[in-house]
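K.L.:
Pasting coords-v1.cif here (mmCIF, C-alpha atoms):
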data_work
loop_
_atom_site.label_atom_id
_atom_site.label_comp_id
_atom_site.auth_asym_id
_atom_site.auth_seq_id
_atom_site.Cartn_x
_atom_site.Cartn_y
_atom_site.Cartn_z
CA MET A 1 -147.75 28.29 60.57
CA GLN A 2 -151.06 29.42 61.91
CA GLY A 3 -150.82 30.71 65.43
CA GLN A 4 -154.52 30.77 66.19
CA GLY A 5 -156.87 27.97 67.01
CA ALA A 6 -158.36 25.53 64.59
CA ASN A 7 -161.76 27.12 64.91
CA THR A 8 -161.82 30.67 66.15
CA GLN A 9 -165.17 31.43 64.59
CA SER A 10 -168.01 29.05 65.21
CA ALA A 11 -170.52 28.91 62.38
CA GLY A 12 -173.84 27.91 63.90
CA ALA A 13 -174.66 25.22 66.42
CA ARG A 14 -172.65 22.01 66.33
CA ARG A 15 -172.95 18.68 68.09
CA PRO A 16 -170.06 17.49 70.31
CA GLY A 17 -169.29 14.78 67.74
CA GLN A 18 -168.90 17.38 65.00
CA LEU A 19 -166.66 19.44 67.26
CA LEU A 20 -164.38 16.44 67.94
CA GLN A 21 -164.40 15.49 64.27
CA GLY A 22 -163.25 19.01 63.47
CA TRP A 23 -160.42 18.73 65.98
CA PHE A 24 -159.06 15.54 64.40
CA ASP A 25 -159.63 16.39 60.74
CA ALA A 26 -156.05 16.33 59.43
CA ARG A 27 -156.80 18.02 56.09
CA GLY A 28 -154.88 21.24 55.51
CA ARG A 29 -153.62 21.36 59.07
CA HIS A 30 -150.60 23.30 60.30
CA VAL A 31 -148.56 22.86 63.47
CA GLY A 32 -150.56 25.68 65.10
CA ASN A 33 -153.82 23.80 64.51
CA TRP A 34 -152.48 20.66 66.18
CA ALA A 35 -151.10 22.78 69.02
CA PHE A 36 -154.63 24.17 69.50
CA VAL A 37 -156.22 20.69 69.50
CA LEU A 38 -153.60 19.34 71.93
CA ASN A 39 -154.14 22.37 74.14
CA ARG A 40 -157.87 21.63 74.28
CA ILE A 41 -157.36 17.93 74.97
CA SER A 42 -154.69 18.48 77.63
CA GLY A 43 -156.88 21.17 79.21
CA LEU A 44 -159.92 18.88 79.40
CA LEU A 45 -157.82 16.03 80.85
CA LEU A 46 -156.41 18.43 83.45
CA VAL A 47 -159.96 19.53 84.37
CA LEU A 48 -160.88 15.87 84.91
CA TYR A 49 -157.77 15.47 87.08
CA LEU A 50 -158.70 18.62 89.04
CA VAL A 51 -162.14 17.17 89.82
CA ALA A 52 -160.55 13.87 90.91
CA HIS A 53 -157.89 15.70 92.97
CA LEU A 54 -160.46 17.81 94.83
CA THR A 55 -162.63 14.71 95.40
CA VAL A 56 -159.67 12.81 96.86
CA LEU A 57 -158.79 15.76 99.10
CA SER A 58 -162.32 15.50 100.52
CA LEU A 59 -161.03 12.34 102.23
CA LEU A 60 -159.23 14.70 104.60
CA ALA A 61 -162.66 15.55 106.04
CA VAL A 62 -163.36 11.85 106.66
CA GLY A 63 -160.28 11.44 108.83
CA PRO A 64 -156.70 10.15 109.00
CA GLY A 65 -157.64 6.51 108.28
CA ALA A 66 -159.36 7.20 104.97
CA TYR A 67 -156.74 9.69 103.78
CA ASP A 68 -153.69 7.67 104.76
CA THR A 69 -155.14 4.57 103.09
CA PHE A 70 -155.40 6.57 99.88
CA VAL A 71 -151.83 7.91 100.30
CA ALA A 72 -150.53 4.35 100.65
CA ALA A 73 -152.29 3.36 97.41
CA ALA A 74 -151.03 6.50 95.63
CA SER A 75 -147.43 5.57 96.42
CA HIS A 76 -147.63 2.59 93.99
CA PRO A 77 -145.11 2.91 91.11
CA LEU A 78 -147.91 2.80 88.51
CA VAL A 79 -149.60 5.79 90.14
CA ILE A 80 -146.27 7.63 90.16
CA LEU A 81 -145.91 6.85 86.45
CA PHE A 82 -149.38 8.37 85.98
CA ASP A 83 -148.16 11.44 87.92
CA VAL A 84 -145.20 11.81 85.54
CA GLY A 85 -147.64 11.72 82.60
CA LEU A 86 -149.77 14.32 84.35
CA VAL A 87 -146.76 16.60 84.76
CA GLY A 88 -146.15 16.19 81.02
CA LEU A 89 -149.69 17.39 80.30
CA LEU A 90 -149.19 20.34 82.65
CA VAL A 91 -145.87 21.29 81.05
CA TYR A 92 -147.29 21.08 77.50
CA HIS A 93 -150.40 23.07 78.46
CA GLY A 94 -148.27 25.68 80.23
CA CYS A 95 -145.74 26.07 77.40
CA ASN A 96 -148.46 26.33 74.79
CA GLY A 97 -150.27 28.81 77.03
CA VAL A 98 -147.15 30.98 77.14
CA ARG A 99 -147.05 30.81 73.33
CA LEU A 100 -150.69 31.88 73.06
CA ILE A 101 -150.17 34.78 75.47
CA LEU A 102 -147.10 35.98 73.56
CA LEU A 103 -148.91 35.73 70.21
CA GLY A 104 -151.99 37.39 71.68
CA LEU A 105 -149.85 40.32 72.76
CA GLY A 106 -148.38 40.49 69.26
CA TRP A 107 -144.93 39.16 70.17
CA GLY A 108 -143.24 36.63 67.86
CA LEU A 109 -145.91 36.76 65.18
CA ASP A 110 -143.27 36.54 62.46
CA ARG A 111 -141.43 33.68 64.24
CA GLN A 112 -144.34 31.42 65.17
CA ARG A 113 -142.80 28.12 64.15
CA GLU A 114 -139.56 28.86 66.03
CA LEU A 115 -141.54 30.05 69.04
CA PHE A 116 -143.57 26.83 69.13
CA TRP A 117 -140.64 24.45 68.79
CA GLY A 118 -138.45 26.51 71.13
CA LEU A 119 -141.09 26.33 73.87
CA MET A 120 -141.65 22.62 73.20
CA ALA A 121 -137.89 21.99 73.59
CA LEU A 122 -137.90 23.96 76.84
CA GLY A 123 -140.95 22.00 77.98
CA ALA A 124 -139.30 18.66 77.16
CA VAL A 125 -136.31 19.57 79.35
CA ALA A 126 -138.61 20.78 82.15
CA TRP A 127 -140.65 17.56 81.92
CA ALA A 128 -137.54 15.38 82.06
CA VAL A 129 -136.21 17.22 85.13
CA ALA A 130 -139.60 17.28 86.90
CA GLY A 131 -140.18 13.59 86.08
CA TRP A 132 -136.79 12.62 87.47
CA VAL A 133 -137.34 14.66 90.66
CA LEU A 134 -140.82 13.18 91.09
CA VAL A 135 -139.73 9.57 90.67
CA THR A 136 -136.65 9.85 92.89
CA HIS A 137 -138.56 11.81 95.52
CA LEU A 138 -141.61 9.56 95.69
CA LEU A 139 -139.85 6.24 95.29
CA GLY A 140 -136.96 7.23 97.52
CA MET B 141 -169.83 33.16 70.15
CA ALA B 142 -166.34 32.95 68.77
CA GLU B 143 -163.52 32.02 71.06
CA GLN B 144 -161.04 34.86 71.20
CA THR B 145 -157.50 33.60 71.01
CA VAL B 146 -155.82 36.97 70.66
CA ALA B 147 -155.58 39.85 73.09
CA PRO B 148 -158.22 42.56 72.74
CA LYS B 149 -157.17 45.44 70.53
CA ALA B 150 -156.52 48.67 72.39
CA GLN B 151 -159.32 50.53 70.65
CA GLU B 152 -161.81 47.78 71.50
CA GLY B 153 -160.91 47.84 75.18
CA LEU B 154 -162.60 45.32 77.44
CA ARG B 155 -166.18 46.02 76.43
CA ASP B 156 -166.40 42.68 74.62
CA LYS B 157 -167.08 39.54 76.71
CA ALA B 158 -164.59 37.61 74.59
CA ALA B 159 -161.91 40.12 75.51
CA TRP B 160 -162.66 39.62 79.21
CA ALA B 161 -162.54 35.85 78.72
CA TRP B 162 -159.09 36.16 77.10
CA VAL B 163 -157.79 38.35 79.92
CA VAL B 164 -159.14 35.98 82.63
CA GLN B 165 -157.64 32.98 80.84
CA ALA B 166 -154.26 34.64 80.25
CA LEU B 167 -153.89 36.18 83.73
CA SER B 168 -155.01 33.07 85.61
CA GLY B 169 -152.76 30.96 83.36
CA ALA B 170 -149.72 33.15 84.02
CA LEU B 171 -150.49 33.14 87.75
CA LEU B 172 -150.81 29.35 87.69
CA MET B 173 -147.32 28.96 86.26
CA VAL B 174 -146.02 30.44 89.53
CA LEU B 175 -148.61 29.07 91.97
CA ALA B 176 -148.55 25.51 90.59
CA GLY B 177 -144.77 25.46 91.02
CA LEU B 178 -145.05 26.70 94.60
CA HIS B 179 -147.88 24.23 95.30
CA MET B 180 -145.74 21.33 94.05
CA LEU B 181 -142.79 22.50 96.15
CA ALA B 182 -144.85 23.06 99.29
CA GLN B 183 -147.00 19.93 99.13
CA HIS B 184 -144.91 17.34 97.36
CA PHE B 185 -141.20 18.10 97.66
CA THR B 186 -140.77 19.15 101.28
CA ALA B 187 -140.85 15.63 102.72
CA LYS B 188 -139.83 12.23 101.42
CA GLY B 189 -142.82 10.55 99.78
CA LEU B 190 -146.42 11.75 99.90
CA LEU B 191 -147.63 13.79 102.87
CA ARG B 192 -149.74 11.84 105.36
CA TYR B 193 -152.79 13.25 107.13
CA GLU B 194 -150.91 14.72 110.09
CA ASP B 195 -148.33 16.35 107.77
CA VAL B 196 -151.05 17.94 105.60
CA VAL B 197 -152.83 19.36 108.64
CA ALA B 198 -149.55 20.71 110.07
CA TRP B 199 -148.78 22.39 106.74
CA LEU B 200 -152.22 23.97 106.42
CA ARG B 201 -151.85 25.51 109.89
CA ARG B 202 -149.13 27.77 108.49
CA PRO B 203 -150.78 31.03 107.32
CA ALA B 204 -148.48 31.37 104.29
CA ILE B 205 -149.32 27.84 103.09
CA PHE B 206 -153.04 28.43 103.68
CA ALA B 207 -152.85 31.66 101.64
CA LEU B 208 -150.87 29.95 98.86
CA GLU B 209 -153.34 27.06 98.58
CA THR B 210 -156.33 29.42 98.59
CA ALA B 211 -154.81 31.57 95.83
CA PHE B 212 -153.88 28.45 93.85
CA LEU B 213 -157.42 27.10 94.17
CA ALA B 214 -158.95 30.40 92.97
CA ALA B 215 -156.60 30.63 89.97
CA VAL B 216 -156.99 27.00 88.95
CA LEU B 217 -160.79 27.11 89.19
CA ALA B 218 -160.98 30.35 87.16
CA HIS B 219 -158.64 28.98 84.50
CA ALA B 220 -160.30 25.55 84.30
CA LEU B 221 -163.86 26.86 84.13
CA ALA B 222 -162.95 29.54 81.58
CA GLY B 223 -161.37 26.75 79.51
CA VAL B 224 -164.45 24.54 79.76
CA ARG B 225 -166.57 27.54 78.74
CA ALA B 226 -164.37 28.16 75.67
CA VAL B 227 -164.68 24.52 74.56
CA LEU B 228 -168.46 24.52 75.03
CA LEU B 229 -168.78 27.83 73.14
CA ASP B 230 -167.16 26.09 70.18
CA LEU B 231 -170.42 24.16 69.90
CA GLY B 232 -171.99 27.39 68.66
CA LEU B 233 -174.37 28.26 71.51
CA ASP B 234 -176.93 31.02 71.07
CA PRO B 235 -176.59 34.13 73.31
CA ALA B 236 -179.19 32.93 75.84
CA ALA B 237 -177.51 29.55 76.20
CA GLU B 238 -174.14 31.25 76.48
CA LYS B 239 -175.46 33.40 79.32
CA ARG B 240 -176.87 30.33 81.13
CA LEU B 241 -173.57 28.50 80.65
CA THR B 242 -171.53 31.40 82.04
CA ARG B 243 -173.87 31.66 85.04
CA ALA B 244 -173.80 27.89 85.72
CA LEU B 245 -170.00 27.71 85.53
CA SER B 246 -169.66 30.78 87.78
CA ILE B 247 -171.93 29.18 90.39
CA ALA B 248 -170.07 25.86 90.13
CA GLY B 249 -166.76 27.67 90.61
CA ALA B 250 -168.02 29.67 93.59
CA VAL B 251 -169.45 26.54 95.27
CA ALA B 252 -166.25 24.53 94.67
CA PHE B 253 -164.13 27.41 96.03
CA ALA B 254 -166.30 27.89 99.12
CA TYR B 255 -166.37 24.14 99.85
CA ALA B 256 -162.60 23.72 99.44
CA VAL B 257 -161.75 26.81 101.55
CA ALA B 258 -164.20 25.69 104.28
CA LEU B 259 -162.62 22.22 104.28
CA THR B 260 -159.09 23.62 104.43
CA TRP B 261 -160.04 26.10 107.17
CA SER B 262 -161.70 23.39 109.28
CA LEU B 263 -158.58 21.21 109.01
CA ALA B 264 -156.25 24.06 109.87
CA HIS B 265 -158.20 25.39 112.88
#
With the file now loaded, output its structure as structure tokens.

P.N.:
Amino acid sequence: MQGQGANTQSAGARRPGQLLQGWFDARGRHVGNWAFVLNRISGLLLVLYLVAHLTVLSLLAVGPGAYDTFVAAASHPLVILFDVGLVGLLVYHGCNGVRLILLGLGWGLDRQRELFWGLMALGAVAWAVAGWVLVTHLLG
Amino acid sequence: MAEQTVAPKAQEGLRDKAAWAWVVQALSGALLMVLAGLHMLAQHFTAKGLLRYEDVVAWLRRPAIFALETAFLAAVLAHALAGVRAVLLDLGLDPAAEKRLTRALSIAGAVAFAYAVALTWSLAH
């Protein structure tokens, strides 16, 4: 299993389309390559969420009416389901980040596959617990 | 520039920009594991349901919460913008474009941080 990213050396300028094509090219791929691609995708989705989150928090400057109207809408079960998915992205990104830090420091280089799946198993448990807490807490 | 996905070797030190990028990404990521957990606990699990306006303001008036949210904001912005930079560098930018990108993202991060801290401060005081 390759522990590094799919493309750690860029060879000349590439268009965004070529970059994405490279991410999803399944030929000769190992688990580590897919982990890298998923890390990039989850990271970009989390950046989009961060922008949306900070924008929504700007409603606090508008006043209680605007913010509380948003809070009422955000309490809808579909939004909570979205939140559970978001926590899943966070957990995957975090677990894979821990893997990259460990590998970067030279730990577990000879046990990369076990490290990946071990962290994914831990992440799945963490996601299930966090999802359950979120749903029961927000839905009452 | 190549994205560095491994820690800088001891003999290389932190002279290389890619090594600095790795350290920023790793440190902010590790910090986020703790701060994101505390943020979730403080903002989302202390009361039943989502916090309403008055609850948010009351929370932000607590110095410890204000400090936590400010640290969380700094770490998340550093991590997110370093990640965006790494993805864009995969496009194979030349050194001048890379420099412009780094400068633009740094300015964007500083503006976002200043705006969010000013907003939080104005709510809390």

K.L.:
Nearest residue to B:Phe253 out of B:Leu231, B:Ala215, B:Ala222, B:Leu167, using all atoms listed in the file?

P.N.:
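Result for the nearest residue to B:Phe253: B:Ala215.
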
K.L.:
Write out as a ChimeraX atom specification which residues come within 9 Å of stretch 196-201 of chain B when counting all atoms listed in the file, dropping same-chain ones fewer than 5 positions away.

P.N.:
/A:60 /B:182-183,191,206,209,260-261,263-265

K.L.:
Dump as a VMD selection string the residues of chain B that approach chain A to within 10 Å, counting only C-alpha atoms.

P.N.:
chain B and resid 141 to 149 162 to 163 165 to 167 169 to 170 172 to 173 176 180 184 to 194 196 to 197 213 216 to 217 219 to 221 223 to 224 226 to 234 252 255 to 256 259 to 260 262 to 263

K.L.:
May I have the residues from that selection written out with C-alpha atoms, as an mmCIF file, in the frame of the given file?

P.N.:
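Listing of selection.cif after writing:
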data_model
loop_
_atom_site.group_PDB
_atom_site.id
_atom_site.type_symbol
_atom_site.label_atom_id
_atom_site.label_comp_id
_atom_site.auth_asym_id
_atom_site.auth_seq_id
_atom_site.Cartn_x
_atom_site.Cartn_y
_atom_site.Cartn_z
ATOM 1 C CA MET B 141 -169.830 33.160 70.150
ATOM 2 C CA ALA B 142 -166.340 32.950 68.770
ATOM 3 C CA GLU B 143 -163.520 32.020 71.060
ATOM 4 C CA GLN B 144 -161.040 34.860 71.200
ATOM 5 C CA THR B 145 -157.500 33.600 71.010
ATOM 6 C CA VAL B 146 -155.820 36.970 70.660
ATOM 7 C CA ALA B 147 -155.580 39.850 73.090
ATOM 8 C CA PRO B 148 -158.220 42.560 72.740
ATOM 9 C CA LYS B 149 -157.170 45.440 70.530
ATOM 10 C CA TRP B 162 -159.090 36.160 77.100
ATOM 11 C CA VAL B 163 -157.790 38.350 79.920
ATOM 12 C CA GLN B 165 -157.640 32.980 80.840
ATOM 13 C CA ALA B 166 -154.260 34.640 80.250
ATOM 14 C CA LEU B 167 -153.890 36.180 83.730
ATOM 15 C CA GLY B 169 -152.760 30.960 83.360
ATOM 16 C CA ALA B 170 -149.720 33.150 84.020
ATOM 17 C CA LEU B 172 -150.810 29.350 87.690
ATOM 18 C CA MET B 173 -147.320 28.960 86.260
ATOM 19 C CA ALA B 176 -148.550 25.510 90.590
ATOM 20 C CA MET B 180 -145.740 21.330 94.050
ATOM 21 C CA HIS B 184 -144.910 17.340 97.360
ATOM 22 C CA PHE B 185 -141.200 18.100 97.660
ATOM 23 C CA THR B 186 -140.770 19.150 101.280
ATOM 24 C CA ALA B 187 -140.850 15.630 102.720
ATOM 25 C CA LYS B 188 -139.830 12.230 101.420
ATOM 26 C CA GLY B 189 -142.820 10.550 99.780
ATOM 27 C CA LEU B 190 -146.420 11.750 99.900
ATOM 28 C CA LEU B 191 -147.630 13.790 102.870
ATOM 29 C CA ARG B 192 -149.740 11.840 105.360
ATOM 30 C CA TYR B 193 -152.790 13.250 107.130
ATOM 31 C CA GLU B 194 -150.910 14.720 110.090
ATOM 32 C CA VAL B 196 -151.050 17.940 105.600
ATOM 33 C CA VAL B 197 -152.830 19.360 108.640
ATOM 34 C CA LEU B 213 -157.420 27.100 94.170
ATOM 35 C CA VAL B 216 -156.990 27.000 88.950
ATOM 36 C CA LEU B 217 -160.790 27.110 89.190
ATOM 37 C CA HIS B 219 -158.640 28.980 84.500
ATOM 38 C CA ALA B 220 -160.300 25.550 84.300
ATOM 39 C CA LEU B 221 -163.860 26.860 84.130
ATOM 40 C CA GLY B 223 -161.370 26.750 79.510
ATOM 41 C CA VAL B 224 -164.450 24.540 79.760
ATOM 42 C CA ALA B 226 -164.370 28.160 75.670
ATOM 43 C CA VAL B 227 -164.680 24.520 74.560
ATOM 44 C CA LEU B 228 -168.460 24.520 75.030
ATOM 45 C CA LEU B 229 -168.780 27.830 73.140
ATOM 46 C CA ASP B 230 -167.160 26.090 70.180
ATOM 47 C CA LEU B 231 -170.420 24.160 69.900
ATOM 48 C CA GLY B 232 -171.990 27.390 68.660
ATOM 49 C CA LEU B 233 -174.370 28.260 71.510
ATOM 50 C CA ASP B 234 -176.930 31.020 71.070
ATOM 51 C CA ALA B 252 -166.250 24.530 94.670
ATOM 52 C CA TYR B 255 -166.370 24.140 99.850
ATOM 53 C CA ALA B 256 -162.600 23.720 99.440
ATOM 54 C CA LEU B 259 -162.620 22.220 104.280
ATOM 55 C CA THR B 260 -159.090 23.620 104.430
ATOM 56 C CA SER B 262 -161.700 23.390 109.280
ATOM 57 C CA LEU B 263 -158.580 21.210 109.010
#

K.L.:
Find, counting all atoms listed in the file, the residue in A:Asn39, A:Ala73, A:Gly85, A:Gly32 that gets nearest to A:Arg113.

P.N.:
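Among the listed residues, the smallest separation from A:Arg113 belongs to A:Gly32.
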
K.L.:
Name the closest residue to B:Leu175 among the candidates B:Arg240, B:Leu208, B:Ser246, B:Arg225; distances are taken between atoms, counting all atoms listed in the file.

P.N.:
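Of B:Arg240, B:Leu208, B:Ser246, B:Arg225, the one nearest B:Leu175, counting all atoms listed in the file, is B:Leu208.
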
K.L.:
Give me, please, the distance in Å between atom CA of A:Leu78 and atom CA of A:Val129, quoted to one decimal.

P.N.:
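If I compute the distance from atom CA of A:Leu78 to atom CA of A:Val129, I get 18.9 Å.
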
K.L.:
How many Å separate atom CA of B:Ala258 from atom CA of B:Gly177?

P.N.:
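Value for the atom CA of B:Ala258-atom CA of B:Gly177 distance: 23.5 Å.
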
K.L.:
Translate the PyMOL selection byres ((chain A and resi 123) around 12), as applied to the file shown, into an explicit residue set as a PyMOL selection string.

P.N.:
chain A and resi 87-99+116-122+124-131

K.L.:
Take the residues from that selection and write them out as a PDB file, keeping the file's coordinate frame, keeping C-alpha atoms.

P.N.:
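Generated output (result-v9.pdb):
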ATOM      1  CA  VAL A  87    -146.760  16.600  84.760  1.00  0.00           C
ATOM      2  CA  GLY A  88    -146.150  16.190  81.020  1.00  0.00           C
ATOM      3  CA  LEU A  89    -149.690  17.390  80.300  1.00  0.00           C
ATOM      4  CA  LEU A  90    -149.190  20.340  82.650  1.00  0.00           C
ATOM      5  CA  VAL A  91    -145.870  21.290  81.050  1.00  0.00           C
ATOM      6  CA  TYR A  92    -147.290  21.080  77.500  1.00  0.00           C
ATOM      7  CA  HIS A  93    -150.400  23.070  78.460  1.00  0.00           C
ATOM      8  CA  GLY A  94    -148.270  25.680  80.230  1.00  0.00           C
ATOM      9  CA  CYS A  95    -145.740  26.070  77.400  1.00  0.00           C
ATOM     10  CA  ASN A  96    -148.460  26.330  74.790  1.00  0.00           C
ATOM     11  CA  GLY A  97    -150.270  28.810  77.030  1.00  0.00           C
ATOM     12  CA  VAL A  98    -147.150  30.980  77.140  1.00  0.00           C
ATOM     13  CA  ARG A  99    -147.050  30.810  73.330  1.00  0.00           C
ATOM     14  CA  PHE A 116    -143.570  26.830  69.130  1.00  0.00           C
ATOM     15  CA  TRP A 117    -140.640  24.450  68.790  1.00  0.00           C
ATOM     16  CA  GLY A 118    -138.450  26.510  71.130  1.00  0.00           C
ATOM     17  CA  LEU A 119    -141.090  26.330  73.870  1.00  0.00           C
ATOM     18  CA  MET A 120    -141.650  22.620  73.200  1.00  0.00           C
ATOM     19  CA  ALA A 121    -137.890  21.990  73.590  1.00  0.00           C
ATOM     20  CA  LEU A 122    -137.900  23.960  76.840  1.00  0.00           C
ATOM     21  CA  ALA A 124    -139.300  18.660  77.160  1.00  0.00           C
ATOM     22  CA  VAL A 125    -136.310  19.570  79.350  1.00  0.00           C
ATOM     23  CA  ALA A 126    -138.610  20.780  82.150  1.00  0.00           C
ATOM     24  CA  TRP A 127    -140.650  17.560  81.920  1.00  0.00           C
ATOM     25  CA  ALA A 128    -137.540  15.380  82.060  1.00  0.00           C
ATOM     26  CA  VAL A 129    -136.210  17.220  85.130  1.00  0.00           C
ATOM     27  CA  ALA A 130    -139.600  17.280  86.900  1.00  0.00           C
ATOM     28  CA  GLY A 131    -140.180  13.590  86.080  1.00  0.00           C
TER      29      GLY A 131
END

K.L.:
Rounded to one decimal place, report the atom CA of A:Phe82-atom CA of A:Trp132 distance in Å.

P.N.:
13.4 Å
